[in-house]
>>> print(open('protein.tsv').read())   # TSV, C-alpha atoms
chain	number	residue	atom	x	y	z
A	110	MET	CA	6.35	-13.21	-46.62
A	111	ALA	CA	3.86	-14.04	-49.32
A	112	GLY	CA	0.27	-12.86	-48.94
A	113	PRO	CA	-2.87	-14.71	-50.03
A	114	MET	CA	-2.98	-13.04	-53.45
A	115	GLU	CA	0.43	-14.18	-54.66
A	116	GLN	CA	-0.87	-17.57	-55.74
A	117	PHE	CA	-2.61	-15.84	-58.65
A	118	ALA	CA	0.53	-14.25	-60.08
A	119	ILE	CA	1.26	-15.06	-63.72
A	120	GLN	CA	4.82	-16.26	-64.28
A	121	ARG	CA	6.40	-16.42	-67.71
A	122	LEU	CA	7.96	-19.85	-68.06
A	123	VAL	CA	9.22	-19.47	-71.64
A	124	PRO	CA	9.43	-15.84	-72.79
A	125	LEU	CA	8.31	-15.55	-76.40
A	126	SER	CA	7.56	-12.51	-78.50
A	127	VAL	CA	5.82	-12.21	-81.87
A	128	ALA	CA	6.08	-8.87	-83.70
A	129	GLY	CA	6.56	-7.00	-80.45
A	130	HIS	CA	3.63	-8.70	-78.67
A	131	ASP	CA	4.26	-10.80	-75.60
A	132	VAL	CA	3.08	-14.34	-76.25
A	133	SER	CA	5.12	-16.06	-73.54
A	134	PHE	CA	4.28	-19.51	-72.34
A	135	THR	CA	2.96	-18.83	-68.82
A	136	ASN	CA	2.06	-21.00	-65.85
A	137	SER	CA	-1.60	-20.41	-66.75
A	138	ALA	CA	-1.03	-21.96	-70.20
A	139	LEU	CA	0.93	-24.83	-68.64
A	140	TRP	CA	-1.85	-25.78	-66.26
A	141	MET	CA	-4.47	-25.49	-68.98
A	142	ILE	CA	-2.41	-27.96	-71.03
A	143	VAL	CA	-2.18	-30.26	-67.99
A	144	ALA	CA	-5.98	-30.10	-67.63
A	145	LEU	CA	-6.32	-30.93	-71.33
A	146	ILE	CA	-3.96	-33.92	-71.03
A	147	LEU	CA	-5.80	-35.29	-67.99
A	148	VAL	CA	-9.20	-34.88	-69.62
A	149	SER	CA	-7.97	-36.53	-72.82
A	150	ALA	CA	-6.43	-39.41	-70.87
A	151	PHE	CA	-9.68	-39.90	-68.95
A	152	LEU	CA	-11.71	-40.00	-72.15
A	153	PHE	CA	-9.27	-42.21	-74.09
A	154	ILE	CA	-8.94	-44.77	-71.30
A	155	GLY	CA	-12.68	-44.79	-70.78
A	156	THR	CA	-13.52	-45.45	-74.41
A	157	ALA	CA	-10.52	-47.64	-75.32
A	158	LYS	CA	-12.23	-51.05	-75.37
A	159	PRO	CA	-15.95	-50.38	-75.35
A	160	GLN	CA	-18.10	-53.23	-74.10
A	161	LEU	CA	-21.85	-53.62	-73.80
A	162	VAL	CA	-21.59	-54.00	-70.02
A	163	PRO	CA	-19.19	-51.17	-69.21
A	164	ASN	CA	-16.19	-51.46	-66.93
A	165	ARG	CA	-15.52	-48.72	-64.40
A	166	ALA	CA	-13.70	-46.20	-66.61
A	167	GLN	CA	-16.21	-46.56	-69.41
A	168	ALA	CA	-19.09	-46.20	-66.93
A	169	ALA	CA	-17.56	-42.96	-65.64
A	170	VAL	CA	-17.23	-41.50	-69.14
A	171	GLU	CA	-20.76	-42.63	-70.03
A	172	TYR	CA	-22.11	-41.06	-66.83
A	173	MET	CA	-20.54	-37.73	-67.66
A	174	TYR	CA	-21.71	-37.82	-71.28
A	175	ASP	CA	-25.27	-38.74	-70.25
A	176	PHE	CA	-25.25	-35.95	-67.70
A	177	VAL	CA	-24.34	-33.33	-70.31
A	178	ARG	CA	-26.68	-34.81	-72.93
A	179	LYS	CA	-29.62	-34.79	-70.50
A	180	MET	CA	-28.84	-31.20	-69.51
A	181	ALA	CA	-28.76	-30.17	-73.20
A	182	ASP	CA	-31.99	-32.03	-73.99
A	183	GLU	CA	-33.87	-30.58	-71.04
A	184	ASN	CA	-32.75	-26.98	-71.47
A	185	ILE	CA	-32.66	-26.61	-75.25
A	186	GLY	CA	-36.18	-27.61	-76.17
A	187	HIS	CA	-37.55	-29.16	-79.36
A	188	GLY	CA	-34.54	-31.37	-80.05
A	189	GLY	CA	-32.10	-28.53	-80.65
A	190	GLY	CA	-29.86	-29.76	-77.85
A	191	ARG	CA	-28.25	-32.58	-79.80
A	192	ALA	CA	-26.20	-30.26	-82.01
A	193	PHE	CA	-24.66	-28.44	-79.05
A	194	VAL	CA	-23.70	-31.41	-76.87
A	195	PRO	CA	-20.03	-31.46	-78.02
A	196	LEU	CA	-19.60	-27.77	-77.15
A	197	LEU	CA	-21.35	-28.10	-73.78
A	198	PHE	CA	-19.39	-31.24	-72.92
A	199	SER	CA	-16.09	-29.55	-73.82
A	200	LEU	CA	-16.93	-26.47	-71.77
A	201	PHE	CA	-18.06	-28.52	-68.79
A	202	ILE	CA	-15.12	-30.90	-68.64
A	203	PHE	CA	-12.48	-28.24	-69.42
A	204	VAL	CA	-13.79	-25.84	-66.75
A	205	LEU	CA	-14.10	-28.78	-64.31
A	206	GLY	CA	-10.49	-29.84	-64.97
A	207	CYS	CA	-9.14	-26.30	-64.62
A	208	ASN	CA	-11.11	-25.69	-61.40
A	209	LEU	CA	-10.04	-28.94	-59.78
A	210	LEU	CA	-6.36	-28.69	-60.72
A	211	GLY	CA	-5.91	-25.58	-58.59
A	212	LEU	CA	-6.71	-27.59	-55.47
A	213	LEU	CA	-3.70	-29.90	-55.77
A	214	PRO	CA	-1.26	-29.26	-52.91
A	215	TRP	CA	2.55	-29.29	-53.03
A	216	VAL	CA	2.94	-29.10	-56.82
A	217	GLY	CA	2.54	-25.33	-56.97
A	218	ALA	CA	-0.78	-25.69	-58.74
A	219	PHE	CA	-2.38	-22.70	-60.43
A	220	THR	CA	-6.09	-22.37	-61.22
A	221	PRO	CA	-6.34	-21.10	-64.80
A	222	THR	CA	-9.99	-20.18	-64.34
A	223	SER	CA	-9.19	-17.87	-61.42
A	224	HIS	CA	-8.25	-15.19	-63.95
A	225	VAL	CA	-10.99	-13.12	-65.50
A	226	ALA	CA	-9.05	-13.18	-68.80
A	227	VAL	CA	-9.59	-16.94	-69.14
A	228	THR	CA	-13.21	-16.99	-67.98
A	229	LEU	CA	-14.13	-13.91	-70.03
A	230	GLY	CA	-12.65	-15.63	-73.08
A	231	LEU	CA	-14.86	-18.67	-72.53
A	232	ALA	CA	-17.94	-16.56	-71.72
A	233	LEU	CA	-17.49	-14.34	-74.77
A	234	MET	CA	-17.17	-17.45	-76.93
A	235	VAL	CA	-20.57	-18.62	-75.64
A	236	PHE	CA	-22.10	-15.16	-76.12
A	237	VAL	CA	-20.82	-14.74	-79.68
A	238	LEU	CA	-22.09	-18.25	-80.48
A	239	VAL	CA	-25.52	-17.35	-79.08
A	240	CYS	CA	-25.67	-14.20	-81.23
A	241	VAL	CA	-24.45	-15.98	-84.37
A	242	VAL	CA	-26.89	-18.89	-83.91
A	243	GLY	CA	-29.74	-16.45	-83.22
A	244	PHE	CA	-29.09	-14.30	-86.28
A	245	VAL	CA	-28.42	-17.23	-88.61
A	246	LYS	CA	-31.58	-19.04	-87.54
A	247	HIS	CA	-34.02	-16.14	-87.14
A	248	GLY	CA	-32.47	-13.14	-88.89
A	249	LEU	CA	-33.66	-9.80	-87.52
A	250	HIS	CA	-36.60	-11.59	-85.86
A	251	PHE	CA	-34.04	-12.47	-83.17
A	252	PHE	CA	-34.72	-9.07	-81.58
A	253	SER	CA	-38.24	-10.21	-80.70
A	254	LEU	CA	-36.52	-12.03	-77.84
A	255	PHE	CA	-36.53	-8.76	-75.88
A	256	TRP	CA	-40.13	-7.70	-76.54
A	257	PRO	CA	-42.66	-8.81	-73.91
A	258	LYS	CA	-45.91	-10.07	-75.39
A	259	ASP	CA	-49.36	-8.51	-74.79
A	260	THR	CA	-48.20	-5.62	-72.64
A	261	PHE	CA	-49.10	-1.94	-72.51
A	262	LEU	CA	-46.85	-0.23	-75.13
A	263	PRO	CA	-44.81	2.26	-73.00
A	264	LEU	CA	-44.20	-0.40	-70.37
A	265	ALA	CA	-43.17	-2.87	-73.10
A	266	MET	CA	-40.62	-0.39	-74.49
A	267	PHE	CA	-39.18	0.12	-71.01
A	268	VAL	CA	-39.00	-3.63	-70.37
A	269	ALA	CA	-37.39	-4.21	-73.78
A	270	CYS	CA	-34.55	-1.80	-72.87
A	271	ILE	CA	-33.99	-3.57	-69.57
A	272	GLU	CA	-34.08	-7.00	-71.22
A	273	PHE	CA	-31.55	-5.87	-73.83
A	274	LEU	CA	-29.14	-4.56	-71.19
A	275	SER	CA	-29.50	-7.75	-69.18
A	276	PHE	CA	-28.76	-9.75	-72.35
A	277	LEU	CA	-25.57	-7.72	-72.90
A	278	SER	CA	-24.47	-8.33	-69.32
A	279	ARG	CA	-24.64	-12.14	-69.76
A	280	PRO	CA	-21.02	-12.83	-70.74
A	281	PHE	CA	-19.78	-10.64	-67.91
A	282	THR	CA	-21.87	-12.28	-65.19
A	283	LEU	CA	-20.89	-15.69	-66.56
A	284	ALA	CA	-17.19	-14.79	-66.41
A	285	ILE	CA	-17.31	-13.03	-63.03
A	286	ARG	CA	-19.29	-15.83	-61.38
A	287	LEU	CA	-16.64	-18.42	-62.26
A	288	PHE	CA	-13.54	-16.33	-61.58
A	289	ALA	CA	-14.87	-14.84	-58.32
A	290	ASN	CA	-15.78	-18.27	-56.97
A	291	MET	CA	-12.33	-19.66	-57.71
A	292	THR	CA	-10.45	-16.58	-56.45
A	293	ALA	CA	-12.42	-16.16	-53.22
A	294	GLY	CA	-12.22	-19.87	-52.38
A	295	HIS	CA	-8.48	-20.07	-52.86
A	296	VAL	CA	-7.85	-16.85	-50.92
A	297	LEU	CA	-9.89	-18.26	-48.04
A	298	LEU	CA	-7.81	-21.46	-48.06
A	299	LYS	CA	-4.56	-19.46	-47.92
A	300	VAL	CA	-5.84	-17.20	-45.12
A	301	PHE	CA	-6.76	-20.18	-42.95
A	302	ALA	CA	-3.38	-21.72	-43.72
A	303	THR	CA	-1.69	-18.64	-42.27
A	304	PHE	CA	-3.87	-19.02	-39.17
A	305	ILE	CA	-2.53	-22.56	-38.72
A	306	VAL	CA	1.04	-21.29	-38.69
A	307	THR	CA	0.27	-18.30	-36.46
A	308	LEU	CA	-1.74	-20.19	-33.85
A	309	GLY	CA	0.47	-23.26	-34.00
A	310	SER	CA	3.64	-21.37	-33.16
A	311	PHE	CA	2.40	-20.33	-29.72
A	312	GLY	CA	5.66	-20.60	-27.72
A	313	ALA	CA	4.49	-22.25	-24.51
A	314	LEU	CA	2.18	-24.82	-26.12
A	315	PRO	CA	3.17	-25.39	-29.74
A	316	TYR	CA	0.99	-27.14	-32.36
A	317	VAL	CA	-2.09	-27.54	-30.12
A	318	PHE	CA	-3.96	-24.40	-31.12
A	319	GLY	CA	-3.05	-24.96	-34.75
A	320	VAL	CA	-5.30	-28.02	-34.95
A	321	LEU	CA	-8.53	-26.02	-35.09
A	322	PRO	CA	-7.67	-23.95	-38.18
A	323	LEU	CA	-6.31	-27.14	-39.73
A	324	ALA	CA	-9.68	-28.86	-39.26
A	325	VAL	CA	-11.45	-25.83	-40.74
A	326	ASN	CA	-9.04	-25.88	-43.68
A	327	ILE	CA	-9.79	-29.54	-44.36
A	328	ALA	CA	-13.52	-28.79	-44.36
A	329	LEU	CA	-12.91	-25.77	-46.62
A	330	SER	CA	-10.93	-27.91	-49.07
A	331	ALA	CA	-13.88	-30.30	-49.32
A	332	LEU	CA	-16.17	-27.31	-49.88
A	333	GLU	CA	-13.83	-26.02	-52.59
A	334	VAL	CA	-13.98	-29.34	-54.46
A	335	LEU	CA	-17.79	-29.13	-54.33
A	336	ILE	CA	-17.76	-25.52	-55.50
A	337	ALA	CA	-15.38	-26.42	-58.37
A	338	VAL	CA	-17.82	-29.08	-59.62
A	339	VAL	CA	-20.92	-26.89	-59.09
A	340	GLN	CA	-19.39	-23.91	-60.89
A	341	ALA	CA	-18.42	-26.05	-63.89
A	342	TYR	CA	-21.98	-27.45	-64.01
A	343	VAL	CA	-23.52	-23.97	-63.70
A	344	PHE	CA	-21.30	-22.60	-66.49
A	345	ALA	CA	-22.43	-25.34	-68.87
A	346	LEU	CA	-26.05	-25.06	-67.68
A	347	LEU	CA	-26.17	-21.31	-68.28
A	348	ALA	CA	-24.55	-21.79	-71.69
A	349	SER	CA	-27.33	-24.23	-72.59
A	350	ILE	CA	-30.03	-21.85	-71.29
A	351	TYR	CA	-28.61	-18.99	-73.37
A	352	LEU	CA	-28.47	-21.27	-76.41
A	353	ASN	CA	-32.13	-22.13	-75.83
A	354	ASP	CA	-32.91	-18.40	-75.97
A	355	ALA	CA	-31.19	-18.21	-79.33
A	356	VAL	CA	-32.53	-21.42	-80.85
A	357	ASN	CA	-36.15	-21.28	-79.65
A	358	LEU	CA	-36.83	-17.58	-78.93
A	359	HIS	CA	-38.59	-18.72	-75.72
B	138	MET	CA	-7.94	10.90	-45.09
B	139	ASP	CA	-5.05	9.32	-46.97
B	140	PRO	CA	-5.82	6.96	-49.87
B	141	HIS	CA	-4.66	3.79	-48.13
B	142	SER	CA	-7.04	4.27	-45.19
B	143	ALA	CA	-9.90	5.12	-47.52
B	144	ARG	CA	-9.17	1.98	-49.53
B	145	VAL	CA	-9.23	-0.27	-46.47
B	146	ILE	CA	-12.45	1.29	-45.15
B	147	GLY	CA	-14.02	0.83	-48.57
B	148	ALA	CA	-12.99	-2.83	-48.51
B	149	GLY	CA	-14.76	-3.30	-45.19
B	150	LEU	CA	-17.92	-1.63	-46.47
B	151	ALA	CA	-17.89	-3.71	-49.66
B	152	ALA	CA	-17.60	-6.96	-47.72
B	153	MET	CA	-20.98	-6.27	-46.12
B	154	GLY	CA	-22.53	-7.18	-49.46
B	155	ALA	CA	-21.43	-10.76	-48.88
B	156	GLY	CA	-23.57	-10.88	-45.74
B	157	LEU	CA	-26.61	-9.67	-47.67
B	158	ALA	CA	-26.04	-12.35	-50.32
B	159	ALA	CA	-25.92	-14.94	-47.54
B	160	ILE	CA	-29.53	-14.05	-46.68
B	161	GLY	CA	-30.50	-14.73	-50.30
B	162	VAL	CA	-28.70	-18.07	-50.42
B	163	GLY	CA	-30.31	-19.17	-47.16
B	164	ASN	CA	-33.68	-18.20	-48.62
B	165	ILE	CA	-33.14	-20.44	-51.66
B	166	PHE	CA	-32.25	-23.51	-49.63
B	167	GLY	CA	-34.97	-22.82	-47.06
B	168	GLN	CA	-37.67	-22.66	-49.72
B	169	TYR	CA	-36.31	-25.84	-51.32
B	170	LEU	CA	-36.39	-27.67	-47.99
B	171	SER	CA	-39.92	-26.56	-47.14
B	172	GLY	CA	-41.03	-27.53	-50.65
B	173	ALA	CA	-39.35	-30.94	-50.35
B	174	LEU	CA	-41.12	-31.40	-47.03
B	175	ARG	CA	-44.51	-30.80	-48.58
B	176	ASN	CA	-43.91	-32.73	-51.81
B	177	PRO	CA	-41.08	-35.28	-51.54
B	178	GLU	CA	-41.58	-36.51	-55.12
B	179	ALA	CA	-40.53	-33.13	-56.56
B	180	ASP	CA	-37.17	-33.47	-54.79
B	181	ALA	CA	-35.38	-35.15	-57.69
B	182	LYS	CA	-36.79	-32.83	-60.33
B	183	MET	CA	-35.98	-29.62	-58.48
B	184	GLY	CA	-32.42	-30.61	-57.52
B	185	GLY	CA	-30.91	-29.09	-60.67
B	186	ARG	CA	-32.82	-25.83	-60.23
B	187	LEU	CA	-31.62	-25.66	-56.61
B	188	ILE	CA	-27.95	-25.74	-57.67
B	189	PHE	CA	-28.62	-23.19	-60.41
B	190	GLY	CA	-30.45	-20.79	-58.06
B	191	PHE	CA	-27.70	-21.14	-55.47
B	192	ALA	CA	-24.97	-20.37	-58.02
B	193	VAL	CA	-26.57	-17.22	-59.44
B	194	THR	CA	-27.28	-15.87	-55.95
B	195	GLU	CA	-23.79	-16.73	-54.72
B	196	ALA	CA	-22.32	-14.89	-57.71
B	197	LEU	CA	-23.67	-11.58	-56.44
B	198	GLY	CA	-22.16	-12.11	-53.01
B	199	LEU	CA	-18.86	-13.04	-54.56
B	200	ILE	CA	-18.86	-9.90	-56.71
B	201	ALA	CA	-19.01	-7.93	-53.42
B	202	ALA	CA	-16.24	-10.08	-51.96
B	203	VAL	CA	-13.98	-9.59	-54.99
B	204	VAL	CA	-14.49	-5.80	-54.84
B	205	ALA	CA	-13.46	-5.96	-51.17
B	206	LEU	CA	-10.40	-8.07	-51.96
B	207	ALA	CA	-9.36	-5.82	-54.84
B	208	LEU	CA	-9.56	-2.78	-52.57
B	209	ALA	CA	-7.83	-4.42	-49.62
B	210	PHE	CA	-4.91	-5.91	-51.49
B	211	SER	CA	-3.90	-3.19	-53.93
>>> encode(input="protein.tsv", output="C-alpha cells")
Amino acid sequence: MAGPMEQFAIQRLVPLSVAGHDVSFTNSALWMIVALILVSAFLFIGTAKPQLVPNRAQAAVEYMYDFVRKMADENIGHGGGRAFVPLLFSLFIFVLGCNLLGLLPWVGAFTPTSHVAVTLGLALMVFVLVCVVGFVKHGLHFFSLFWPKDTFLPLAMFVACIEFLSFLSRPFTLAIRLFANMTAGHVLLKVFATFIVTLGSFGALPYVFGVLPLAVNIALSALEVLIAVVQAYVFALLASIYLNDAVNLH
Amino acid sequence: MDPHSARVIGAGLAAMGAGLAAIGVGNIFGQYLSGALRNPEADAKMGGRLIFGFAVTEALGLIAAVVALALAFS
C-alpha cells in the first residue's frame, strides 16, 4: 500500500536523453506546463476586450496586477519597483498556480513546487538577479550593505560577517520555506485520508467513525488553499525586499 | 542500537522543533491582536507584515518537520 510520500515521486512520462544526460519529460514538467496554460488563459481572457468599466474577468486580472504593483512600490523604495513588476508578477502567479494545482483531487495532481529542485531554481534566479542588479548599479560599493553604520569597529566586523552569511543563506531559506510548506501540507492531507479509511472500516459500525477524520480533512484542505496563496505572496514579497536591498542599499 | 531505530527516534526528536515554532507563531498573532485592540486604524497597514512574519516563523517550524519526515520515511 502506498505511503504518504509516494505522491512526490517523479515519473518519466516521455523518456528523452541528450548526450547521455536524462532530460525526460516528467510529471513535474507536465504540471508546470498545465499551470502555465491556466495562468495564460486567465490573463488572455481577462484582457481580451478591455473596457473602462471592467467586467468580472478583467477586474480579477486588474486586482492581481494592482496587488503586485502595490507590493513592488511599497517594498522597493524611490520608484525602483516599476522595473521589477513583470518579474514579481510572473513569480507570484506561477508559484500560485503550481501550489494550487497540487490540491486538485482525482486527476493525480502533482505539486511542482513541492520539490526543492524547482523552488531552489526559482530562489537562485532571484538571488543571482539581486547580486547582478547590486553590482551593476553600485559596483563594489554593494558590499557596504553588510557594514553597520556608526558602530564600534570590532563589533562592526563581527556583525558584517554575520550579515554576509545571512545574505548567502537567503536563496536557501526562500527555497526551503516554499517546498517544506507544500510537502508538509500534502503529507498531512494524505495521513488524515488514511485515518478515514482505517476508522471507517470498523467492522461492527462501518463509516460512522470515518466522518470525523473526513471533517478534519476538509478543514485541512481549506487551510492548504490558504497556505498555497500565502506562500506565493511571501515568495514574491521576499523577492521584492531582497531587490530593495540591492537597488537602494537600505 | 540498529540504524532504523536510531532514525525513528531522531525523527521524533526533530519533530519537537515544530512545537517550539508554534510558540513563535502564536506570539506573532497575539502581538498583532493586542496591537489591533489598542489601535484599530493600524489594522489595515499591518496586515501585510502579519502574513510576512507568520511565514518566516512558520518556515523554521517546517524545516524541523521536514527533517523529521526525511528521517522517518527513508
>>> atom_distance(input="protein.tsv", atom1="atom CA of A:Val325", atom2="atom CA of A:Ser223")
22.3 Å
>>> atom_distance(input="protein.tsv", atom1="atom CA of A:Ala168", atom2="atom CA of A:Thr222")
27.7 Å
>>> closest_residue(input="protein.tsv", among="A:Phe236, A:Phe276, A:Phe176, A:Phe311", to="chain B", atoms="all atoms listed in the file")
A:Phe176
>>> residues_around(input="protein.tsv", residues="stretch 130-145 of chain A", least_positions_apart="2", cutoff="8 Å", atoms="only C-alpha atoms", output="PyMOL selection string")
chain A and resi 119-128+147-149+203+206-207+210+218-221
>>> interface_residues(input="protein.tsv", of="chain A", to="chain B", cutoff="10 Å", atoms="only C-alpha atoms", output="list of chain:residue names")
A:Gly112, A:Pro113, A:Met114, A:Met180, A:Thr282, A:Leu283, A:Ile285, A:Arg286, A:Leu287, A:Phe288, A:Ala289, A:Asn290, A:Met291, A:Thr292, A:Ala293, A:Gly294, A:Val296, A:Ile336, A:Val339, A:Gln340, A:Tyr342, A:Val343, A:Phe344, A:Leu346, A:Leu347
>>> write_last_selection(input="protein.tsv", atoms="C-alpha atoms", output="compact mmCIF listing (two decimals), in the frame of the given file")
# COMPACT_ATOMS: atom_id res chain seq x y z
CA GLY A 112 0.27 -12.86 -48.94
CA PRO A 113 -2.87 -14.71 -50.03
CA MET A 114 -2.98 -13.04 -53.45
CA MET A 180 -28.84 -31.20 -69.51
CA THR A 282 -21.87 -12.28 -65.19
CA LEU A 283 -20.89 -15.69 -66.56
CA ILE A 285 -17.31 -13.03 -63.03
CA ARG A 286 -19.29 -15.83 -61.38
CA LEU A 287 -16.64 -18.42 -62.26
CA PHE A 288 -13.54 -16.33 -61.58
CA ALA A 289 -14.87 -14.84 -58.32
CA ASN A 290 -15.78 -18.27 -56.97
CA MET A 291 -12.33 -19.66 -57.71
CA THR A 292 -10.45 -16.58 -56.45
CA ALA A 293 -12.42 -16.16 -53.22
CA GLY A 294 -12.22 -19.87 -52.38
CA VAL A 296 -7.85 -16.85 -50.92
CA ILE A 336 -17.76 -25.52 -55.50
CA VAL A 339 -20.92 -26.89 -59.09
CA GLN A 340 -19.39 -23.91 -60.89
CA TYR A 342 -21.98 -27.45 -64.01
CA VAL A 343 -23.52 -23.97 -63.70
CA PHE A 344 -21.30 -22.60 -66.49
CA LEU A 346 -26.05 -25.06 -67.68
CA LEU A 347 -26.17 -21.31 -68.28
>>> residues_around(input="protein.tsv", residues="A:His247", least_positions_apart="3", cutoff="9 Å", atoms="all atoms listed in the file", output="list in words")
Val242, Gly243, Phe244, His250, Phe251, Ala355, Val356 and Leu358 of chain A
>>> residues_around(input="protein.tsv", residues="A:Leu205", least_positions_apart="3", cutoff="7 Å", atoms="only C-alpha atoms", output="PDB file with C-alpha atoms, keeping the file's coordinate frame")
ATOM      1  CA  PHE A 201     -18.060 -28.520 -68.790  1.00  0.00           C
ATOM      2  CA  ILE A 202     -15.120 -30.900 -68.640  1.00  0.00           C
ATOM      3  CA  ASN A 208     -11.110 -25.690 -61.400  1.00  0.00           C
ATOM      4  CA  LEU A 209     -10.040 -28.940 -59.780  1.00  0.00           C
ATOM      5  CA  ALA A 337     -15.380 -26.420 -58.370  1.00  0.00           C
ATOM      6  CA  VAL A 338     -17.820 -29.080 -59.620  1.00  0.00           C
ATOM      7  CA  ALA A 341     -18.420 -26.050 -63.890  1.00  0.00           C
TER       8      ALA A 341
END
>>> atom_distance(input="protein.tsv", atom1="atom CA of A:Leu249", atom2="atom CA of A:Phe198")
29.6 Å
>>> residues_around(input="protein.tsv", residues="A:Gln167", least_positions_apart="2", cutoff="9 Å", atoms="all atoms listed in the file", output="MDAnalysis selection string")
chainID A and resid 152 154:160 163:165 169:172
